[in-house]
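Undergrad: What follows is the file coords.pdb, containing PDB, C-alpha atoms (C1' of nucleotides):
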MODEL        1
ATOM      1  CA  MET J   1      -1.495  58.276 -43.458
ATOM      2  CA  PRO J   2      -0.980  58.504 -39.887
ATOM      3  CA  GLU J   3       0.997  61.228 -38.152
ATOM      4  CA  LEU J   4      -0.022  64.858 -37.744
ATOM      5  CA  PRO J   5       1.261  66.210 -41.087
ATOM      6  CA  GLU J   6      -0.378  63.410 -43.061
ATOM      7  CA  VAL J   7      -3.690  63.730 -41.214
ATOM      8  CA  GLU J   8      -3.604  67.503 -41.696
ATOM      9  CA  VAL J   9      -3.056  67.037 -45.433
ATOM     10  CA  VAL J  10      -6.201  64.902 -45.470
ATOM     11  CA  ARG J  11      -8.169  67.381 -43.347
ATOM     12  CA  ALA J  12      -7.142  70.287 -45.550
ATOM     13  CA  GLY J  13      -8.198  68.395 -48.648
ATOM     14  CA  LEU J  14     -11.483  67.304 -47.144
ATOM     15  CA  ALA J  15     -12.564  70.635 -45.649
ATOM     16  CA  PRO J  16     -13.397  72.612 -48.808
ATOM     17  CA  ALA J  17     -15.313  69.672 -50.262
ATOM     18  CA  VAL J  18     -17.360  68.585 -47.255
ATOM     19  CA  THR J  19     -18.004  71.818 -45.370
ATOM     20  CA  GLY J  20     -21.679  72.649 -45.691
ATOM     21  CA  SER J  21     -22.450  69.425 -47.486
ATOM     22  CA  ARG J  22     -25.375  67.115 -46.835
ATOM     23  CA  VAL J  23     -24.908  63.382 -46.315
ATOM     24  CA  LEU J  24     -27.112  61.631 -48.856
ATOM     25  CA  GLY J  25     -26.271  58.084 -47.860
ATOM     26  CA  VAL J  26     -23.689  55.736 -46.415
ATOM     27  CA  GLU J  27     -22.460  52.358 -47.603
ATOM     28  CA  VAL J  28     -20.530  50.216 -45.137
ATOM     29  CA  PHE J  29     -18.598  47.347 -46.693
ATOM     30  CA  GLU J  30     -16.513  46.339 -43.677
ATOM     31  CA  PRO J  31     -18.273  46.427 -40.277
ATOM     32  CA  ARG J  32     -14.935  46.090 -38.484
ATOM     33  CA  SER J  33     -14.129  49.624 -39.623
ATOM     34  CA  LEU J  34     -16.955  50.757 -37.313
ATOM     35  CA  ARG J  35     -15.447  48.879 -34.360
ATOM     36  CA  ARG J  36     -15.269  52.033 -32.287
ATOM     37  CA  HIS J  37     -18.821  53.128 -32.984
ATOM     38  CA  ASP J  38     -21.054  52.469 -29.991
ATOM     39  CA  PRO J  39     -24.234  50.879 -31.400
ATOM     40  CA  THR J  40     -26.213  51.682 -28.249
ATOM     41  CA  THR J  41     -26.089  55.360 -29.284
ATOM     42  CA  GLY J  42     -27.779  54.527 -32.576
ATOM     43  CA  VAL J  43     -27.101  52.946 -35.937
ATOM     44  CA  PHE J  44     -24.095  54.513 -37.671
ATOM     45  CA  GLU J  45     -25.781  54.910 -41.034
ATOM     46  CA  GLU J  46     -28.949  56.385 -39.528
ATOM     47  CA  LEU J  47     -27.071  58.876 -37.370
ATOM     48  CA  LEU J  48     -25.151  60.080 -40.398
ATOM     49  CA  THR J  49     -27.629  60.060 -43.255
ATOM     50  CA  GLY J  50     -29.330  63.412 -43.758
ATOM     51  CA  ALA J  51     -26.922  65.295 -41.501
ATOM     52  CA  ARG J  52     -25.114  68.436 -42.579
ATOM     53  CA  ILE J  53     -21.332  68.476 -42.215
ATOM     54  CA  GLU J  54     -20.195  71.718 -40.615
ATOM     55  CA  ALA J  55     -16.415  71.470 -40.936
ATOM     56  CA  ALA J  56     -13.379  69.185 -40.893
ATOM     57  CA  VAL J  57     -11.426  69.471 -37.642
ATOM     58  CA  ARG J  58      -8.200  67.849 -36.463
ATOM     59  CA  ARG J  59      -6.424  67.411 -33.164
ATOM     60  CA  GLY J  60      -3.195  65.432 -33.363
ATOM     61  CA  LYS J  61      -4.001  62.394 -35.483
ATOM     62  CA  PHE J  62      -7.753  62.509 -34.844
ATOM     63  CA  LEU J  63     -10.025  63.960 -37.491
ATOM     64  CA  TRP J  64     -13.713  64.712 -37.108
ATOM     65  CA  MET J  65     -16.550  66.320 -38.968
ATOM     66  CA  PRO J  66     -19.057  68.104 -36.706
ATOM     67  CA  LEU J  67     -22.651  67.488 -37.770
ATOM     68  CA  ASP J  68     -25.686  69.729 -37.425
ATOM     69  CA  THR J  69     -27.175  67.003 -35.201
ATOM     70  CA  GLY J  70     -24.742  67.982 -32.436
ATOM     71  CA  ARG J  71     -22.657  64.860 -32.907
ATOM     72  CA  ALA J  72     -19.598  64.297 -35.067
ATOM     73  CA  LEU J  73     -18.292  61.791 -37.547
ATOM     74  CA  LEU J  74     -14.978  60.784 -36.016
ATOM     75  CA  ALA J  75     -12.271  59.275 -38.189
ATOM     76  CA  HIS J  76      -8.936  57.812 -37.209
ATOM     77  CA  LEU J  77      -6.704  56.541 -39.988
ATOM     78  CA  GLY J  78      -4.804  54.073 -37.821
ATOM     79  CA  MET J  79      -1.805  52.706 -39.659
ATOM     80  CA  SER J  80      -3.160  52.535 -43.168
ATOM     81  CA  GLY J  81      -6.385  54.511 -43.477
ATOM     82  CA  GLN J  82      -7.153  56.875 -46.322
ATOM     83  CA  LEU J  83      -9.998  59.283 -47.015
ATOM     84  CA  LEU J  84     -10.443  59.868 -50.721
ATOM     85  CA  LEU J  85     -12.706  62.184 -52.679
ATOM     86  CA  ARG J  86     -14.179  60.485 -55.710
ATOM     87  CA  THR J  87     -17.053  60.849 -58.118
ATOM     88  CA  PRO J  88     -20.253  59.179 -56.819
ATOM     89  CA  ASP J  89     -20.000  56.377 -59.373
ATOM     90  CA  ALA J  90     -16.283  55.667 -58.926
ATOM     91  CA  PRO J  91     -15.533  51.936 -58.986
ATOM     92  CA  LEU J  92     -15.255  50.147 -55.656
ATOM     93  CA  VAL J  93     -11.662  49.237 -54.829
ATOM     94  CA  PRO J  94     -10.932  46.036 -52.855
ATOM     95  CA  LEU J  95      -9.855  47.774 -49.642
ATOM     96  CA  LEU J  96     -12.789  50.206 -49.617
ATOM     97  CA  ARG J  97     -14.395  49.895 -46.174
ATOM     98  CA  ALA J  98     -17.084  52.576 -46.352
ATOM     99  CA  ARG J  99     -18.382  55.206 -48.722
ATOM    100  CA  LEU J 100     -20.245  58.383 -47.845
ATOM    101  CA  HIS J 101     -22.326  60.077 -50.492
ATOM    102  CA  VAL J 102     -22.476  63.810 -49.945
ATOM    103  CA  ALA J 103     -24.002  66.764 -51.766
ATOM    104  CA  SER J 104     -21.376  69.477 -51.630
ATOM    105  CA  PRO J 105     -22.256  73.114 -52.254
ATOM    106  CA  ALA J 106     -18.834  73.660 -53.785
ATOM    107  CA  HIS J 107     -18.295  70.425 -55.713
ATOM    108  CA  GLY J 108     -21.686  68.859 -56.346
ATOM    109  CA  ASP J 109     -22.266  65.215 -55.507
ATOM    110  CA  LEU J 110     -19.200  63.416 -54.171
ATOM    111  CA  ALA J 111     -18.161  60.098 -52.701
ATOM    112  CA  VAL J 112     -15.988  60.216 -49.609
ATOM    113  CA  ASP J 113     -14.212  56.859 -49.556
ATOM    114  CA  PHE J 114     -12.676  55.326 -46.450
ATOM    115  CA  VAL J 115      -9.992  52.901 -47.588
ATOM    116  CA  ASP J 116      -8.014  50.985 -44.989
ATOM    117  CA  GLN J 117      -5.776  48.001 -45.551
ATOM    118  CA  ARG J 118      -5.212  46.914 -41.959
ATOM    119  CA  ILE J 119      -8.508  48.035 -40.418
ATOM    120  CA  PHE J 120      -6.709  49.704 -37.523
ATOM    121  CA  GLY J 121      -8.466  52.883 -38.549
ATOM    122  CA  SER J 122     -12.120  53.528 -37.775
ATOM    123  CA  LEU J 123     -15.192  55.646 -38.309
ATOM    124  CA  ALA J 124     -17.738  56.409 -35.598
ATOM    125  CA  ILE J 125     -20.521  58.817 -34.727
ATOM    126  CA  GLU J 126     -19.690  60.388 -31.389
ATOM    127  CA  ARG J 127     -21.204  62.739 -28.886
ATOM    128  CA  MET J 128     -19.408  66.013 -28.284
ATOM    129  CA  VAL J 129     -18.138  67.646 -25.083
ATOM    130  CA  GLU J 130     -16.830  71.143 -24.387
ATOM    131  CA  THR J 131     -13.077  71.687 -24.222
ATOM    132  CA  GLU J 132     -11.754  72.137 -20.705
ATOM    133  CA  ASP J 133     -10.017  75.404 -21.483
ATOM    134  CA  GLY J 134     -12.744  76.889 -23.654
ATOM    135  CA  ALA J 135     -10.367  77.225 -26.600
ATOM    136  CA  PRO J 136     -11.155  75.775 -30.048
ATOM    137  CA  ALA J 137     -11.081  71.971 -29.930
ATOM    138  CA  GLY J 138      -8.739  71.565 -32.863
ATOM    139  CA  TYR J 139      -7.603  72.970 -36.164
ATOM    140  CA  SER J 140     -10.246  73.577 -38.809
ATOM    141  CA  GLY J 141      -8.684  76.093 -41.182
ATOM    142  CA  ASP J 142     -10.332  79.453 -41.526
ATOM    143  CA  ALA J 143     -13.723  78.389 -42.834
ATOM    144  CA  GLY J 144     -17.043  78.981 -41.106
ATOM    145  CA  GLU J 145     -18.451  81.332 -38.516
ATOM    146  CA  THR J 146     -16.041  81.866 -35.655
ATOM    147  CA  ASP J 147     -18.791  81.536 -33.045
ATOM    148  CA  ALA J 148     -20.151  78.204 -34.258
ATOM    149  CA  SER J 149     -20.787  75.903 -31.309
ATOM    150  CA  TRP J 150     -18.759  73.025 -32.745
ATOM    151  CA  ARG J 151     -15.527  75.005 -32.452
ATOM    152  CA  THR J 152     -15.117  74.442 -28.732
ATOM    153  CA  ARG J 153     -16.577  70.957 -28.699
ATOM    154  CA  LEU J 154     -14.805  67.691 -29.396
ATOM    155  CA  PRO J 155     -15.817  64.043 -29.719
ATOM    156  CA  VAL J 156     -15.815  62.183 -26.400
ATOM    157  CA  PRO J 157     -13.011  59.738 -27.374
ATOM    158  CA  VAL J 158     -10.774  62.713 -28.205
ATOM    159  CA  ALA J 159     -11.335  64.489 -24.905
ATOM    160  CA  HIS J 160      -8.356  62.771 -23.275
ATOM    161  CA  ILE J 161      -6.033  63.473 -26.216
ATOM    162  CA  ALA J 162      -3.631  66.346 -25.581
ATOM    163  CA  ARG J 163      -3.459  69.331 -27.871
ATOM    164  CA  ASP J 164      -0.821  69.103 -30.565
ATOM    165  CA  PRO J 165       2.227  71.381 -30.802
ATOM    166  CA  LEU J 166       0.794  73.329 -33.758
ATOM    167  CA  ASP J 167      -2.333  74.221 -31.757
ATOM    168  CA  PRO J 168      -2.219  77.881 -30.620
ATOM    169  CA  ALA J 169      -3.715  76.737 -27.310
ATOM    170  CA  PHE J 170      -0.916  74.212 -26.734
ATOM    171  CA  ASP J 171       0.583  74.975 -23.343
ATOM    172  CA  ASP J 172       4.374  74.859 -23.723
ATOM    173  CA  ALA J 173       5.094  75.412 -20.039
ATOM    174  CA  ARG J 174       2.747  72.647 -18.997
ATOM    175  CA  PHE J 175       4.300  70.233 -21.475
ATOM    176  CA  LEU J 176       7.835  71.071 -20.372
ATOM    177  CA  ALA J 177       6.836  70.648 -16.734
ATOM    178  CA  ALA J 178       5.331  67.265 -17.546
ATOM    179  CA  LEU J 179       8.561  66.151 -19.210
ATOM    180  CA  ARG J 180      10.431  67.181 -16.086
ATOM    181  CA  ALA J 181       8.022  65.346 -13.793
ATOM    182  CA  ARG J 182       7.767  62.105 -15.740
ATOM    183  CA  ARG J 183       9.892  59.137 -14.968
ATOM    184  CA  THR J 184       9.998  57.687 -18.414
ATOM    185  CA  GLY J 185      12.099  57.794 -21.560
ATOM    186  CA  ILE J 186      11.886  60.897 -23.730
ATOM    187  CA  LYS J 187      10.599  59.098 -26.821
ATOM    188  CA  ARG J 188       7.927  57.357 -24.763
ATOM    189  CA  ALA J 189       6.823  60.797 -23.636
ATOM    190  CA  LEU J 190       6.799  62.186 -27.177
ATOM    191  CA  LEU J 191       4.643  59.284 -28.331
ATOM    192  CA  ASP J 192       2.200  59.611 -25.429
ATOM    193  CA  GLN J 193      -0.853  61.222 -27.023
ATOM    194  CA  ASN J 194      -2.123  62.246 -23.582
ATOM    195  CA  LEU J 195       0.924  64.469 -23.144
ATOM    196  CA  VAL J 196       1.318  65.867 -26.631
ATOM    197  CA  SER J 197      -0.514  64.617 -29.682
ATOM    198  CA  GLY J 198       0.309  64.143 -33.334
ATOM    199  CA  ILE J 199       3.791  62.676 -32.937
ATOM    200  CA  GLY J 200       4.365  59.139 -34.177
ATOM    201  CA  ASN J 201       7.414  57.003 -34.826
ATOM    202  CA  ILE J 202       8.711  58.936 -37.837
ATOM    203  CA  TYR J 203       8.509  62.441 -36.433
ATOM    204  CA  ALA J 204       9.681  61.372 -32.983
ATOM    205  CA  ASP J 205      12.871  60.009 -34.510
ATOM    206  CA  GLU J 206      13.277  63.078 -36.720
ATOM    207  CA  ALA J 207      12.795  65.556 -33.885
ATOM    208  CA  LEU J 208      15.143  63.614 -31.596
ATOM    209  CA  TRP J 209      17.759  63.582 -34.326
ATOM    210  CA  SER J 210      17.324  67.299 -34.899
ATOM    211  CA  ALA J 211      17.690  68.084 -31.192
ATOM    212  CA  ARG J 212      20.502  65.522 -30.772
ATOM    213  CA  VAL J 213      18.726  63.629 -28.027
ATOM    214  CA  HIS J 214      18.905  59.865 -27.408
ATOM    215  CA  TYR J 215      15.433  58.288 -27.492
ATOM    216  CA  ASP J 216      15.823  56.473 -24.182
ATOM    217  CA  GLU J 217      17.166  59.335 -22.151
ATOM    218  CA  PRO J 218      14.962  59.955 -19.089
ATOM    219  CA  SER J 219      12.604  62.797 -19.979
ATOM    220  CA  SER J 220      13.366  64.424 -16.633
ATOM    221  CA  ALA J 221      17.078  64.505 -17.538
ATOM    222  CA  VAL J 222      16.691  66.310 -20.845
ATOM    223  CA  GLY J 223      16.607  69.691 -19.143
ATOM    224  CA  PRO J 224      14.870  72.956 -20.067
ATOM    225  CA  VAL J 225      17.184  74.053 -22.861
ATOM    226  CA  ARG J 226      17.161  70.772 -24.737
ATOM    227  CA  SER J 227      13.465  70.185 -24.024
ATOM    228  CA  ARG J 228      12.612  73.502 -25.622
ATOM    229  CA  ARG J 229      14.887  72.657 -28.518
ATOM    230  CA  LEU J 230      13.113  69.336 -28.887
ATOM    231  CA  LEU J 231       9.664  70.925 -28.900
ATOM    232  CA  ALA J 232      10.868  73.449 -31.451
ATOM    233  CA  ALA J 233      12.268  70.573 -33.517
ATOM    234  CA  VAL J 234       8.898  68.801 -33.466
ATOM    235  CA  ARG J 235       7.180  71.940 -34.722
ATOM    236  CA  GLU J 236       9.818  72.547 -37.330
ATOM    237  CA  VAL J 237       9.716  69.025 -38.738
ATOM    238  CA  PHE J 238       5.895  69.111 -38.756
ATOM    239  CA  GLU J 239       5.918  72.376 -40.718
ATOM    240  CA  ARG J 240       8.459  71.116 -43.216
ATOM    241  CA  ALA J 241       6.575  67.854 -43.707
ATOM    242  CA  LEU J 242       3.315  69.760 -44.202
ATOM    243  CA  ALA J 243       4.941  71.908 -46.856
ATOM    244  CA  GLU J 244       5.942  68.717 -48.672
ATOM    245  CA  GLY J 245       2.500  67.129 -48.415
ATOM    246  CA  GLY J 246       3.523  64.628 -45.717
ATOM    247  CA  THR J 247       5.613  61.465 -45.759
ATOM    248  CA  SER J 248       4.804  58.685 -48.228
ATOM    249  CA  PHE J 249       6.883  55.545 -48.511
ATOM    250  CA  ASP J 250       4.460  53.914 -50.913
ATOM    251  CA  ALA J 251       0.986  54.354 -52.367
ATOM    252  CA  GLN J 252      -0.467  53.652 -48.915
ATOM    253  CA  TYR J 253      -0.152  57.217 -47.646
ATOM    254  CA  VAL J 254      -1.891  59.667 -49.872
ATOM    255  CA  ASN J 255      -3.980  62.826 -49.779
ATOM    256  CA  VAL J 256      -7.700  62.987 -50.655
ATOM    257  CA  ASN J 257      -6.819  62.886 -54.336
ATOM    258  CA  GLY J 258      -4.626  59.811 -53.964
ATOM    259  CA  ALA J 259      -1.369  61.756 -54.346
ATOM    260  CA  SER J 260       1.762  61.025 -52.309
ATOM    261  CA  GLY J 261       3.730  63.536 -50.235
ATOM    262  CA  TYR J 262       7.418  64.155 -50.723
ATOM    263  CA  PHE J 263       8.819  64.430 -47.228
ATOM    264  CA  ALA J 264      10.298  60.906 -47.333
ATOM    265  CA  HIS J 265      13.134  62.470 -49.323
ATOM    266  CA  SER J 266      13.868  64.849 -46.456
ATOM    267  CA  LEU J 267      14.148  62.315 -43.636
ATOM    268  CA  ASN J 268      17.405  62.511 -41.686
ATOM    269  CA  ALA J 269      17.033  59.528 -39.359
ATOM    270  CA  TYR J 270      13.841  57.495 -39.859
ATOM    271  CA  GLY J 271      14.500  54.573 -42.180
ATOM    272  CA  GLN J 272      18.029  55.853 -42.821
ATOM    273  CA  GLN J 273      19.880  52.996 -41.091
ATOM    274  CA  GLY J 274      23.263  52.427 -42.694
ATOM    275  CA  ARG J 275      23.215  55.792 -44.430
ATOM    276  CA  PRO J 276      25.487  58.595 -43.231
ATOM    277  CA  CYS J 277      24.130  61.060 -40.683
ATOM    278  CA  PRO J 278      23.629  64.312 -42.633
ATOM    279  CA  ARG J 279      25.397  66.166 -39.819
ATOM    280  CA  CYS J 280      28.463  64.085 -39.049
ATOM    281  CA  GLY J 281      28.594  61.237 -41.528
ATOM    282  CA  THR J 282      28.371  58.447 -38.948
ATOM    283  CA  PRO J 283      26.033  55.682 -40.174
ATOM    284  CA  ILE J 284      22.529  55.908 -38.712
ATOM    285  CA  VAL J 285      21.547  52.853 -36.684
ATOM    286  CA  ARG J 286      18.184  51.185 -36.189
ATOM    287  CA  GLU J 287      17.406  49.736 -32.775
ATOM    288  CA  GLN J 288      14.419  47.968 -31.259
ATOM    289  CA  PHE J 289      12.655  50.102 -28.681
ATOM    290  CA  MET J 290       9.074  49.828 -27.436
ATOM    291  CA  ASN J 291       8.569  46.928 -29.859
ATOM    292  CA  ARG J 292       9.216  49.175 -32.815
ATOM    293  CA  SER J 293      12.195  50.612 -34.619
ATOM    294  CA  SER J 294      14.096  53.650 -33.448
ATOM    295  CA  HIS J 295      16.645  55.372 -35.624
ATOM    296  CA  ARG J 296      19.448  57.569 -34.381
ATOM    297  CA  CYS J 297      22.928  58.791 -35.061
ATOM    298  CA  PRO J 298      25.224  56.961 -32.616
ATOM    299  CA  ARG J 299      27.524  59.964 -32.489
ATOM    300  CA  CYS J 300      25.136  62.957 -32.389
ATOM    301  CA  GLN J 301      22.581  61.245 -30.152
ATOM    302  CA  ARG J 302      24.499  59.667 -27.334
ATOM    303  CA  ARG J 303      22.837  58.763 -24.074
ATOM    304  CA  ARG J 304      23.827  61.247 -21.403
TER     305      ARG J 304
ATOM    306  C1'  DA G   1       2.881  56.102 -12.580
ATOM    307  C1'  DC G   2       4.785  53.475 -15.505
ATOM    308  C1'  DA G   3       6.245  49.306 -18.468
ATOM    309  C1'  DC G   4       4.904  45.791 -21.181
ATOM    310  C1'  DA G   5       2.291  42.717 -23.979
ATOM    311  C1'  DA G   6      -1.599  41.694 -26.417
ATOM    312  C1'  DA G   7      -5.284  42.751 -29.291
ATOM    313  C1'  DC G   8      -7.090  44.649 -33.458
ATOM    314  C1'  DC G   9      -5.548  43.444 -39.131
ATOM    315  C1'  DT G  10      -3.579  42.979 -44.164
ATOM    316  C1'  DG G  11      -0.007  43.087 -47.422
ATOM    317  C1'  DC G  12       4.640  43.387 -48.959
ATOM    318  C1'  DC G  13       9.369  42.042 -49.043
ATOM    319  C1'  DG G  14      13.484  39.276 -48.616
ATOM    320  C1'  DG G  15      15.345  34.849 -47.772
ATOM    321  C1'  DC G  16      15.331  30.093 -48.514
TER     322       DC G  16
ATOM    323  C1'  DT M   1       7.435  29.562 -57.752
ATOM    324  C1'  DG M   2       5.931  29.319 -53.110
ATOM    325  C1'  DC M   3       6.109  29.411 -48.237
ATOM    326  C1'  DC M   4       7.527  31.810 -43.961
ATOM    327  C1'  DG M   5       9.196  35.152 -40.914
ATOM    328  C1'  DG M   6       9.686  39.879 -40.312
ATOM    329  C1'  DC M   7       8.228  44.280 -41.042
ATOM    330  C1'  DA M   8       4.922  48.464 -41.312
ATOM    331  C1'  DG M   9       3.329  55.467 -39.996
ATOM    332  C1'  DG M  10      -1.544  53.517 -34.154
ATOM    333  C1'  DT M  11      -4.604  53.165 -30.045
ATOM    334  C1'  DT M  12      -6.760  50.747 -26.406
ATOM    335  C1'  DT M  13      -6.934  47.563 -22.740
ATOM    336  C1'  DG M  14      -5.418  44.662 -19.273
ATOM    337  C1'  DT M  15      -1.733  43.058 -16.141
ATOM    338  C1'  DG M  16       1.981  43.612 -13.143
TER     339       DG M  16
ENDMDL
END
Give the structure from the file, written as structure tokens.
TA:
Amino acid sequence: MPELPEVEVVRAGLAPAVTGSRVLGVEVFEPRSLRRHDPTTGVFEELLTGARIEAAVRRGKFLWMPLDTGRALLAHLGMSGQLLLRTPDAPLVPLLRARLHVASPAHGDLAVDFVDQRIFGSLAIERMVETEDGAPAGYSGDAGETDASWRTRLPVPVAHIARDPLDPAFDDARFLAALRARRTGIKRALLDQNLVSGIGNIYADEALWSARVHYDEPSSAVGPVRSRRLLAAVREVFERALAEGGTSFDAQYVNVNGASGYFAHSLNAYGQQGRPCPRCGTPIVREQFMNRSSHRCPRCQRRR
DNA sequence: ACACAAACCTGCCGGC
DNA sequence: TGCCGGCAGGTTTGTG
């Protein structure tokens, strides 16, 4: 479930169940799902078992659970990862890569299942570092003490990831200046997680459609008015997708209870090739760009 | 700085 | 029915 709204749906579902819980045990069925865990820092299962989970935090598409050991369980869903809450004795499904057993103060004993078809996603135990700006590292909902030390700390592999546009500490001016300074296409910039995080192929195409910008226009040529409009469009499409529970094209992209989101019905450009642009009626086209598909209205989104 | 390809993977779908 | 190419929401790494 991979872009910001889908990962946030997972985080929001996970948080009330895992916050304050104790990890009773871990079962790893697919070692490749731990590809990003550095074994020289310790054995994954040993670093996790017995720890208390303090929260569920998200920045962009990265999700982590700070532990009382000072480290964090970092999860990235990749293209096809899911985190599911089950009963401890729930049957093992074929694509189940790992299962955490936790004792939750709110929900009793639970299984947290990591299911991932393509194994592009991963779990790892990571060390934490302080944020550069001293602001909270990511979004964690309202739970927990506001002065907890984990709030301004983030896993090392996330330190280079930019804040996302829904983060109160996101620096609009800095982002707009970066767009102006870059010599690259605007969609490339939107997808660059070091510039702004959380945007993937779907929401890039949707925001570009909304702001009527061609994906390959130089980011420096978009200008302040349209750049602001584009940033606003990203936020707006994120908020609308969140309200709909995210985008699900099939059973692959689901919340912690296995339920699909409904935003696929609200897409204006992504996957809409051949269908009329909701604004002007011109058929949406799909084009290859960056070795993936880009969707745009050939009339509303002309290259300038 | 930036572009590009490759690597990491499985499963589904349409065409033949 | 079965095989094959093409497609899929991502990140990292290496090369030029």
Undergrad: May I ask you to extract the residues of chain M within 9 Å of chain J, using all atoms listed in the file, and to give them as a list in words?
TA: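 In the required form, that comes to DA8, DG9, DG10 and DT11 of chain M.
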Undergrad: Evaluate the PyMOL selection byres ((chain J) within 12 of (chain G)) and record the selected residues as a PyMOL selection string, following the chain and residue labels used in the document.
TA: chain J and resi 32-33+35-36+78-81+94-95+116-122+181-185+188-189+192+250+252+289-291
Undergrad: Neighbours of stretch 257-260 of chain J within 7 Å (only C-alpha atoms (C1' of nucleotides); same-chain residues fewer than 2 positions away dropped), as a PyMOL selection string?
TA: chain J and resi 84-85+248+251+253-255+262
Undergrad: Have a look at atom CA of J:Ala204 and atom CA of J:Pro157 and let me know their distance in Å, one decimal.
TA: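 Distance reported for this atom pair: 23.4 Å.
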Undergrad: Hey, what comes out of the PyMOL selection byres ((chain J and resi 37) around 9) on this file? Could you write it as a PyMOL selection string?
TA: chain J and resi 33-36+38-41+43-44+122-126
Undergrad: Please produce an output containing C-alpha atoms for each residue in the selection, written as an mmCIF file, in the frame of the given file.
TA:
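Saved the output as out_33.cif:
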data_model
loop_
_atom_site.group_PDB
_atom_site.id
_atom_site.type_symbol
_atom_site.label_atom_id
_atom_site.label_comp_id
_atom_site.auth_asym_id
_atom_site.auth_seq_id
_atom_site.Cartn_x
_atom_site.Cartn_y
_atom_site.Cartn_z
ATOM 1 C CA SER J 33 -14.129 49.624 -39.623
ATOM 2 C CA LEU J 34 -16.955 50.757 -37.313
ATOM 3 C CA ARG J 35 -15.447 48.879 -34.360
ATOM 4 C CA ARG J 36 -15.269 52.033 -32.287
ATOM 5 C CA ASP J 38 -21.054 52.469 -29.991
ATOM 6 C CA PRO J 39 -24.234 50.879 -31.400
ATOM 7 C CA THR J 40 -26.213 51.682 -28.249
ATOM 8 C CA THR J 41 -26.089 55.360 -29.284
ATOM 9 C CA VAL J 43 -27.101 52.946 -35.937
ATOM 10 C CA PHE J 44 -24.095 54.513 -37.671
ATOM 11 C CA SER J 122 -12.120 53.528 -37.775
ATOM 12 C CA LEU J 123 -15.192 55.646 -38.309
ATOM 13 C CA ALA J 124 -17.738 56.409 -35.598
ATOM 14 C CA ILE J 125 -20.521 58.817 -34.727
ATOM 15 C CA GLU J 126 -19.690 60.388 -31.389
#
Undergrad: Run the PyMOL selection byres ((chain J and resi 88) around 10) mentally over the shown coordinates, then write out the matched residues as an MDAnalysis selection string, using the chain letters and numbers from the document.
TA: chainID J and resid 85:87 89:91 99:103 108:113
Undergrad: Determine, counting all atoms listed in the file, which protein, DNA and RNA residues have an atom within 12 Å of an atom of J:Leu179; residues of the same chain fewer than 6 positions away are not included. Present the result as a ChimeraX atom specification.
TA: /J:172-173,185-190,192,195-196,217-224,226-228,230-231
Undergrad: Any idea what the distance is between atom CA of J:Trp209 and atom CA of J:Arg296?
TA: 6.2 Å
Undergrad: Between atom CA of J:Ile284 and atom CA of J:Arg304, measure the distance and give it in Å to one decimal.
TA: 18.2 Å
Undergrad: Give the padded box for stretch 71-75 of chain J as JSON: axis-aligned, covering all atoms listed in the file, 5 Å on each side, centre and edge lengths in Å to one decimal.
TA:
{"center_x": -17.5, "center_y": 62.1, "center_z": -35.5, "size_x": 20.4, "size_y": 15.6, "size_z": 15.3}
